[in-house]
$ cat input_19.cif   # mmCIF, C-alpha atoms
data_structure
#
loop_
_atom_site.group_PDB
_atom_site.id
_atom_site.type_symbol
_atom_site.label_atom_id
_atom_site.label_comp_id
_atom_site.auth_asym_id
_atom_site.auth_seq_id
_atom_site.Cartn_x
_atom_site.Cartn_y
_atom_site.Cartn_z
ATOM 1 C CA MET S 1 16.136 9.267 -21.801
ATOM 2 C CA SER S 2 16.868 9.223 -18.068
ATOM 3 C CA ILE S 3 14.267 8.171 -15.522
ATOM 4 C CA TRP S 4 15.246 11.230 -13.468
ATOM 5 C CA GLU S 5 13.567 13.450 -16.063
ATOM 6 C CA TYR S 6 10.260 12.439 -14.497
ATOM 7 C CA ALA S 7 11.423 13.983 -11.213
ATOM 8 C CA ASN S 8 10.700 17.302 -12.887
ATOM 9 C CA PRO S 9 7.195 18.322 -11.734
ATOM 10 C CA LYS S 10 6.215 19.650 -15.161
ATOM 11 C CA ARG S 11 7.309 16.458 -16.911
ATOM 12 C CA PHE S 12 5.564 14.321 -14.282
ATOM 13 C CA MET S 13 2.318 16.250 -14.681
ATOM 14 C CA GLN S 14 2.422 15.878 -18.459
ATOM 15 C CA THR S 15 3.121 12.149 -18.361
ATOM 16 C CA SER S 16 0.656 11.330 -15.608
ATOM 17 C CA SER S 17 -2.135 13.310 -17.282
ATOM 18 C CA TRP S 18 -2.402 10.804 -20.134
ATOM 19 C CA ALA S 19 -1.354 7.728 -18.120
ATOM 20 C CA LEU S 20 -3.885 8.211 -15.308
ATOM 21 C CA PRO S 21 -7.096 7.518 -17.305
ATOM 22 C CA TRP S 22 -5.603 4.344 -18.818
ATOM 23 C CA VAL S 23 -4.345 3.009 -15.491
ATOM 24 C CA THR S 24 -7.650 3.836 -13.785
ATOM 25 C CA GLY S 25 -9.709 2.125 -16.480
ATOM 26 C CA LEU S 26 -7.506 -0.965 -16.488
ATOM 27 C CA ALA S 27 -7.579 -1.118 -12.675
ATOM 28 C CA ALA S 28 -11.381 -1.004 -12.624
ATOM 29 C CA MET S 29 -11.668 -3.706 -15.291
ATOM 30 C CA VAL S 30 -9.171 -6.092 -13.663
ATOM 31 C CA LEU S 31 -10.473 -5.507 -10.136
ATOM 32 C CA VAL S 32 -14.134 -6.046 -11.031
ATOM 33 C CA THR S 33 -13.271 -9.166 -13.014
ATOM 34 C CA GLY S 34 -11.142 -10.635 -10.228
ATOM 35 C CA LEU S 35 -13.629 -9.927 -7.442
ATOM 36 C CA THR S 36 -16.595 -11.193 -9.480
ATOM 37 C CA TRP S 37 -14.717 -14.374 -10.349
ATOM 38 C CA GLY S 38 -13.566 -14.899 -6.773
ATOM 39 C CA PHE S 39 -16.836 -14.181 -4.973
ATOM 40 C CA PHE S 40 -19.334 -15.760 -7.370
ATOM 41 C CA PHE S 41 -17.530 -18.392 -9.435
ATOM 42 C CA THR S 42 -15.337 -20.237 -6.934
ATOM 43 C CA PRO S 43 -16.533 -23.022 -4.617
ATOM 44 C CA ASP S 44 -16.705 -22.897 -0.852
ATOM 45 C CA ASP S 45 -13.714 -24.315 0.974
ATOM 46 C CA TYR S 46 -14.237 -27.755 2.539
ATOM 47 C CA ARG S 47 -13.132 -26.442 5.966
ATOM 48 C CA GLN S 48 -13.761 -22.692 5.927
ATOM 49 C CA GLY S 49 -16.880 -22.611 3.800
ATOM 50 C CA SER S 50 -17.709 -19.297 2.134
ATOM 51 C CA THR S 51 -15.556 -17.484 4.711
ATOM 52 C CA VAL S 52 -12.524 -18.243 2.580
ATOM 53 C CA LYS S 53 -13.668 -15.762 -0.051
ATOM 54 C CA ILE S 54 -12.581 -12.860 2.114
ATOM 55 C CA ILE S 55 -9.124 -13.815 0.844
ATOM 56 C CA TYR S 56 -9.822 -11.754 -2.289
ATOM 57 C CA ILE S 57 -9.814 -8.570 -0.222
ATOM 58 C CA HIS S 58 -7.632 -9.467 2.759
ATOM 59 C CA VAL S 59 -4.575 -10.797 0.935
ATOM 60 C CA PRO S 60 -4.318 -8.033 -1.726
ATOM 61 C CA ALA S 61 -4.899 -5.331 0.903
ATOM 62 C CA ALA S 62 -2.224 -6.812 3.190
ATOM 63 C CA MET S 63 0.243 -7.065 0.307
ATOM 64 C CA MET S 64 -0.393 -3.473 -0.734
ATOM 65 C CA ALA S 65 -0.087 -2.234 2.859
ATOM 66 C CA ILE S 66 3.466 -3.597 2.975
ATOM 67 C CA ASN S 67 4.427 -2.744 -0.600
ATOM 68 C CA CYS S 68 3.089 0.785 -0.222
ATOM 69 C CA TRP S 69 5.533 1.350 2.632
ATOM 70 C CA ALA S 70 8.289 -0.140 0.457
ATOM 71 C CA MET S 71 7.409 2.356 -2.272
ATOM 72 C CA MET S 72 7.500 5.179 0.296
ATOM 73 C CA LEU S 73 10.904 3.938 1.465
ATOM 74 C CA VAL S 74 12.347 4.088 -2.058
ATOM 75 C CA ALA S 75 10.838 7.527 -2.652
ATOM 76 C CA SER S 76 12.191 8.768 0.693
ATOM 77 C CA LEU S 77 15.683 7.486 -0.111
ATOM 78 C CA ILE S 78 15.563 9.285 -3.454
ATOM 79 C CA TRP S 79 14.693 12.487 -1.605
ATOM 80 C CA LEU S 80 17.474 12.039 0.946
ATOM 81 C CA ILE S 81 20.067 11.268 -1.734
ATOM 82 C CA ARG S 82 19.034 13.310 -4.772
ATOM 83 C CA ARG S 83 16.589 15.895 -3.368
ATOM 84 C CA HIS S 84 13.848 15.331 -5.955
ATOM 85 C CA HIS S 85 10.644 16.899 -4.668
ATOM 86 C CA VAL S 86 8.332 14.717 -6.773
ATOM 87 C CA SER S 87 9.634 11.602 -5.020
ATOM 88 C CA VAL S 88 8.903 12.839 -1.520
ATOM 89 C CA LEU S 89 5.511 14.182 -2.619
ATOM 90 C CA ALA S 90 4.752 10.738 -4.035
ATOM 91 C CA ALA S 91 5.643 9.207 -0.671
ATOM 92 C CA LYS S 92 3.389 11.709 1.070
ATOM 93 C CA ALA S 93 0.597 10.928 -1.398
ATOM 94 C CA ALA S 94 0.959 7.169 -0.868
ATOM 95 C CA ALA S 95 0.787 7.251 2.939
ATOM 96 C CA PRO S 96 -3.021 7.597 3.342
ATOM 97 C CA ILE S 97 -3.489 4.851 0.754
ATOM 98 C CA GLY S 98 -1.160 2.520 2.625
ATOM 99 C CA MET S 99 -2.819 3.363 5.929
ATOM 100 C CA THR S 100 -6.230 2.514 4.447
ATOM 101 C CA MET S 101 -4.928 -0.772 3.029
ATOM 102 C CA THR S 102 -3.473 -1.667 6.432
ATOM 103 C CA LEU S 103 -6.790 -0.890 8.130
ATOM 104 C CA ILE S 104 -8.665 -3.017 5.562
ATOM 105 C CA ALA S 105 -6.235 -5.879 6.141
ATOM 106 C CA LEU S 106 -6.671 -5.668 9.931
ATOM 107 C CA PHE S 107 -10.464 -5.430 9.673
ATOM 108 C CA THR S 108 -10.906 -8.270 7.176
ATOM 109 C CA GLY S 109 -8.379 -10.347 9.099
ATOM 110 C CA ALA S 110 -10.503 -9.970 12.227
ATOM 111 C CA ILE S 111 -13.624 -11.036 10.327
ATOM 112 C CA TRP S 112 -11.767 -14.025 8.894
ATOM 113 C CA GLY S 113 -10.060 -14.920 12.151
ATOM 114 C CA GLN S 114 -13.160 -14.970 14.362
ATOM 115 C CA PRO S 115 -14.733 -18.141 12.903
ATOM 116 C CA MET S 116 -11.325 -19.770 12.323
ATOM 117 C CA TRP S 117 -9.606 -18.943 15.646
ATOM 118 C CA GLY S 118 -12.618 -18.224 17.829
ATOM 119 C CA THR S 119 -11.455 -14.653 18.508
ATOM 120 C CA TRP S 120 -11.439 -11.323 16.711
ATOM 121 C CA TRP S 121 -7.890 -10.504 17.745
ATOM 122 C CA ALA S 122 -4.795 -12.265 19.015
ATOM 123 C CA TRP S 123 -1.377 -10.860 19.800
ATOM 124 C CA ASP S 124 0.015 -12.910 16.976
ATOM 125 C CA PRO S 125 3.428 -11.718 15.651
ATOM 126 C CA ARG S 126 2.095 -10.817 12.215
ATOM 127 C CA LEU S 127 -1.042 -9.129 13.555
ATOM 128 C CA THR S 128 0.941 -7.158 16.112
ATOM 129 C CA SER S 129 3.544 -5.989 13.586
ATOM 130 C CA PHE S 130 0.728 -4.991 11.228
ATOM 131 C CA LEU S 131 -0.899 -2.934 13.977
ATOM 132 C CA ILE S 132 2.429 -1.198 14.633
ATOM 133 C CA LEU S 133 2.794 -0.560 10.887
ATOM 134 C CA PHE S 134 -0.635 1.106 10.944
ATOM 135 C CA LEU S 135 0.544 3.346 13.797
ATOM 136 C CA PHE S 136 3.643 4.260 11.778
ATOM 137 C CA TYR S 137 1.389 5.292 8.894
ATOM 138 C CA LEU S 138 -0.560 7.499 11.289
ATOM 139 C CA GLY S 139 2.649 8.988 12.656
ATOM 140 C CA TYR S 140 4.009 9.636 9.167
ATOM 141 C CA ILE S 141 0.854 11.510 8.121
ATOM 142 C CA ALA S 142 0.700 13.427 11.417
ATOM 143 C CA LEU S 143 4.351 14.501 11.080
ATOM 144 C CA TRP S 144 3.694 16.002 7.656
ATOM 145 C CA GLU S 145 0.823 18.007 9.143
ATOM 146 C CA ALA S 146 2.740 19.081 12.251
ATOM 147 C CA VAL S 147 5.804 20.586 10.530
ATOM 148 C CA GLU S 148 5.200 23.791 8.601
ATOM 149 C CA ASP S 149 8.382 23.899 6.536
ATOM 150 C CA PRO S 150 7.917 21.351 3.701
ATOM 151 C CA ASP S 151 11.609 20.512 3.332
ATOM 152 C CA THR S 152 12.000 19.918 7.065
ATOM 153 C CA ALA S 153 8.867 17.783 7.030
ATOM 154 C CA ALA S 154 10.290 15.820 4.102
ATOM 155 C CA GLU S 155 13.516 15.192 6.029
ATOM 156 C CA LEU S 156 11.785 14.016 9.204
ATOM 157 C CA THR S 157 9.196 11.834 7.464
ATOM 158 C CA SER S 158 11.894 10.220 5.322
ATOM 159 C CA VAL S 159 13.822 9.226 8.453
ATOM 160 C CA LEU S 160 10.596 7.935 10.023
ATOM 161 C CA CYS S 161 9.985 5.897 6.879
ATOM 162 C CA LEU S 162 13.392 4.263 7.260
ATOM 163 C CA VAL S 163 12.604 3.277 10.855
ATOM 164 C CA GLY S 164 9.126 2.007 10.009
ATOM 165 C CA SER S 165 10.533 -0.253 7.320
ATOM 166 C CA VAL S 166 11.591 -2.662 10.068
ATOM 167 C CA PHE S 167 7.947 -3.317 10.903
ATOM 168 C CA ALA S 168 7.004 -3.570 7.234
ATOM 169 C CA ILE S 169 9.529 -6.408 6.954
ATOM 170 C CA LEU S 170 8.246 -8.008 10.159
ATOM 171 C CA SER S 171 4.674 -7.784 8.855
ATOM 172 C CA ARG S 172 5.727 -9.739 5.795
ATOM 173 C CA TYR S 173 7.939 -12.374 7.392
ATOM 174 C CA ALA S 174 6.697 -12.609 10.996
ATOM 175 C CA VAL S 175 5.285 -16.110 10.519
ATOM 176 C CA LEU S 176 8.736 -17.274 9.447
ATOM 177 C CA PHE S 177 10.445 -15.691 12.471
ATOM 178 C CA TRP S 178 7.947 -16.937 15.066
ATOM 179 C CA ASN S 179 6.302 -20.293 14.450
ATOM 180 C CA GLN S 180 4.013 -19.987 17.441
ATOM 181 C CA GLY S 181 1.743 -17.445 15.720
ATOM 182 C CA LEU S 182 -1.868 -18.281 14.879
ATOM 183 C CA HIS S 183 -1.631 -16.707 11.444
ATOM 184 C CA GLN S 184 -1.270 -19.187 8.618
ATOM 185 C CA GLY S 185 1.598 -19.158 6.137
ATOM 186 C CA ALA S 186 1.561 -17.350 2.813
ATOM 187 C CA SER S 187 -1.531 -18.061 0.716
ATOM 188 C CA LEU S 188 0.579 -17.857 -2.449
ATOM 189 C CA SER S 189 3.714 -19.886 -1.965
ATOM 190 C CA LEU S 190 6.162 -22.089 -3.853
ATOM 191 C CA ASP S 191 5.386 -24.698 -1.228
ATOM 192 C CA ARG S 192 2.432 -26.646 -2.617
ATOM 193 C CA GLU S 193 1.297 -27.572 0.896
ATOM 194 C CA GLU S 194 0.810 -23.887 1.796
ATOM 195 C CA HIS S 195 -0.235 -22.622 -1.642
ATOM 196 C CA VAL S 196 -3.998 -22.274 -2.036
ATOM 197 C CA ALA S 197 -5.751 -24.460 -4.586
ATOM 198 C CA ASP S 198 -5.589 -23.224 -8.173
ATOM 199 C CA VAL S 199 -9.333 -22.647 -8.242
ATOM 200 C CA PHE S 200 -8.768 -19.929 -5.613
ATOM 201 C CA ALA S 201 -5.294 -18.827 -6.745
ATOM 202 C CA TYR S 202 -6.152 -17.686 -10.287
ATOM 203 C CA PRO S 203 -8.808 -15.115 -9.309
ATOM 204 C CA LEU S 204 -6.605 -14.108 -6.363
ATOM 205 C CA TRP S 205 -3.717 -13.258 -8.699
ATOM 206 C CA LEU S 206 -6.130 -11.223 -10.815
ATOM 207 C CA THR S 207 -7.440 -9.379 -7.765
ATOM 208 C CA ILE S 208 -3.895 -8.619 -6.605
ATOM 209 C CA ALA S 209 -3.127 -7.164 -10.043
ATOM 210 C CA GLY S 210 -6.253 -5.025 -9.751
ATOM 211 C CA PHE S 211 -5.203 -3.738 -6.339
ATOM 212 C CA VAL S 212 -1.737 -2.875 -7.678
ATOM 213 C CA LEU S 213 -3.188 -0.944 -10.618
ATOM 214 C CA PHE S 214 -5.676 0.776 -8.310
ATOM 215 C CA PHE S 215 -2.809 1.776 -6.016
ATOM 216 C CA VAL S 216 -0.802 3.193 -8.934
ATOM 217 C CA ALA S 217 -3.816 5.194 -10.113
ATOM 218 C CA LEU S 218 -4.410 6.630 -6.642
ATOM 219 C CA VAL S 219 -0.731 7.525 -6.179
ATOM 220 C CA LEU S 220 -0.629 9.305 -9.551
ATOM 221 C CA PHE S 221 -3.807 11.209 -8.739
ATOM 222 C CA ARG S 222 -2.746 12.186 -5.229
ATOM 223 C CA THR S 223 0.794 13.129 -6.302
ATOM 224 C CA ARG S 224 -0.667 15.466 -8.922
ATOM 225 C CA THR S 225 -2.809 16.984 -6.162
ATOM 226 C CA GLU S 226 0.239 17.427 -3.890
ATOM 227 C CA ILE S 227 2.192 19.149 -6.681
ATOM 228 C CA ARG S 228 -0.685 21.559 -7.330
ATOM 229 C CA ALA S 229 -1.015 22.264 -3.597
ATOM 230 C CA ARG S 230 2.726 22.977 -3.371
ATOM 231 C CA ARG S 231 2.525 25.378 -6.308
ATOM 232 C CA LEU S 232 -0.465 27.120 -4.731
ATOM 233 C CA ARG S 233 1.378 27.591 -1.428
ATOM 234 C CA ALA S 234 4.379 28.994 -3.312
ATOM 235 C CA LEU S 235 2.155 31.505 -5.134
ATOM 236 C CA GLU S 236 0.470 32.530 -1.882
ATOM 237 C CA ALA S 237 3.866 33.033 -0.220
ATOM 238 C CA ARG S 238 5.041 35.151 -3.178
ATOM 239 C CA GLU S 239 1.945 37.341 -2.982
ATOM 240 C CA ARG S 240 2.422 37.899 0.754
ATOM 241 C CA MET S 241 6.009 39.020 0.111
ATOM 242 C CA VAL S 242 4.831 41.510 -2.489
#

$ encode --input "input_19.cif" --output "structure tokens"
Amino acid sequence: MSIWEYANPKRFMQTSSWALPWVTGLAAMVLVTGLTWGFFFTPDDYRQGSTVKIIYIHVPAAMMAINCWAMMLVASLIWLIRRHHVSVLAAKAAAPIGMTMTLIALFTGAIWGQPMWGTWWAWDPRLTSFLILFLFYLGYIALWEAVEDPDTAAELTSVLCLVGSVFAILSRYAVLFWNQGLHQGASLSLDREEHVADVFAYPLWLTIAGFVLFFVALVLFRTRTEIRARRLRALEARERMV
């Protein structure tokens, strides 16, 4: 069985119809468990106090903001190379989710940064690249709405996705490129000096898994909605021709 069979809208709708409830249920269970563990059953940090617990929202949201764009990049490349409509509709469906995750990361980062840095915002390399990534999400969504022809919109947004990938990479690795930034290193790292203590890391891994499952559930749901909307527009166009 080839993976490209799922590029067929009918096959995708059939598969996602039974997968969606399972993924949604698992996402809810893992996410609630991780957040409950992190917020209520971990100690305060010796320097940051209870403020550190915002890590259970900030870090997963920031990771998903970047990885969502990576998923859109892969889907856009599939469209440009193989012209599978489900892939580009999946990218379109993922964009508002990624934009929301980016906004959550920026907002929670400001809340976390104020007591740690003494300011809500700094033109730190990672923060700045994240803000630009958010603007690319806005531009991607606006471009879909501005172009009437769906195939032309798919072409233009796919190219925009390729360009925006530069800032997705910068958002992930900015602290490695520019050491003068205020933002700390990766919370989960092979370097034990940067890696958070295990008491915080275990629930954080669980929360990240919950965010990933939640993202998959939302993408499946929204892609199904985009496929139905595309079919509806095709039927309306056929009726107008008749």

$ resolve_selection --input "input_19.cif" --expression "the PyMOL selection byres ((chain S and resi 92) around 12)" --output "VMD selection string"
chain S and resid 68 to 69 71 to 73 75 to 76 79 85 to 91 93 to 99 137 to 145 150 153 to 158 161 219 to 220 222 to 227

$ atom_distance --input "input_19.cif" --atom1 "atom CA of S:Leu135" --atom2 "atom CA of S:Asn67"
16.1 Å

$ closest_residue --input "input_19.cif" --among "S:Leu31, S:Val216, S:Leu162, S:Ile81" --to "S:Tyr56" --atoms "all atoms listed in the file"
S:Leu31

$ closest_residue --input "input_19.cif" --among "S:Phe200, S:Trp112, S:Phe221, S:Trp121" --to "S:Gln48" --atoms "all atoms listed in the file"
S:Trp112

$ closest_residue --input "input_19.cif" --among "S:Arg47, S:Thr152, S:Leu213, S:Ile169" --to "S:Met116" --atoms "all atoms listed in the file"
S:Arg47

$ resolve_selection --input "input_19.cif" --expression "the PyMOL selection byres ((chain S and resi 10) around 12)" --output "list in words"
Glu5, Tyr6, Ala7, Asn8, Pro9, Arg11, Phe12, Met13, Gln14, Thr15, Ser16, Ser17, His85, Val86, Arg224, Ile227, Arg228 and Arg231 of chain S

$ closest_residue --input "input_19.cif" --among "S:Ile111, S:Met29, S:Met101, S:Ala229" --to "S:Ile54" --atoms "only C-alpha atoms"
S:Ile111

$ closest_residue --input "input_19.cif" --among "S:Trp123, S:Trp22, S:Phe134, S:Phe39" --to "S:Phe214" --atoms "only C-alpha atoms"
S:Trp22

$ residues_around --input "input_19.cif" --residues "S:Phe167" --least-positions-apart "3" --cutoff "12 Å" --atoms "only C-alpha atoms" --output "VMD selection string"
chain S and resid 65 to 66 69 to 70 125 to 137 160 to 164 170 to 174

$ atom_distance --input "input_19.cif" --atom1 "atom CA of S:Thr102" --atom2 "atom CA of S:Ala168"
10.7 Å

$ atom_distance --input "input_19.cif" --atom1 "atom CA of S:Gly34" --atom2 "atom CA of S:Pro60"
11.2 Å

$ closest_residue --input "input_19.cif" --among "S:Leu218, S:Ala105, S:Leu77, S:Ala234" --to "S:Pro21" --atoms "only C-alpha atoms"
S:Leu218

$ resolve_selection --input "input_19.cif" --expression "the PyMOL selection byres ((chain S and resi 40-46) around 12)" --output "ChimeraX atom specification"
/S:32-39,47-56,196-204
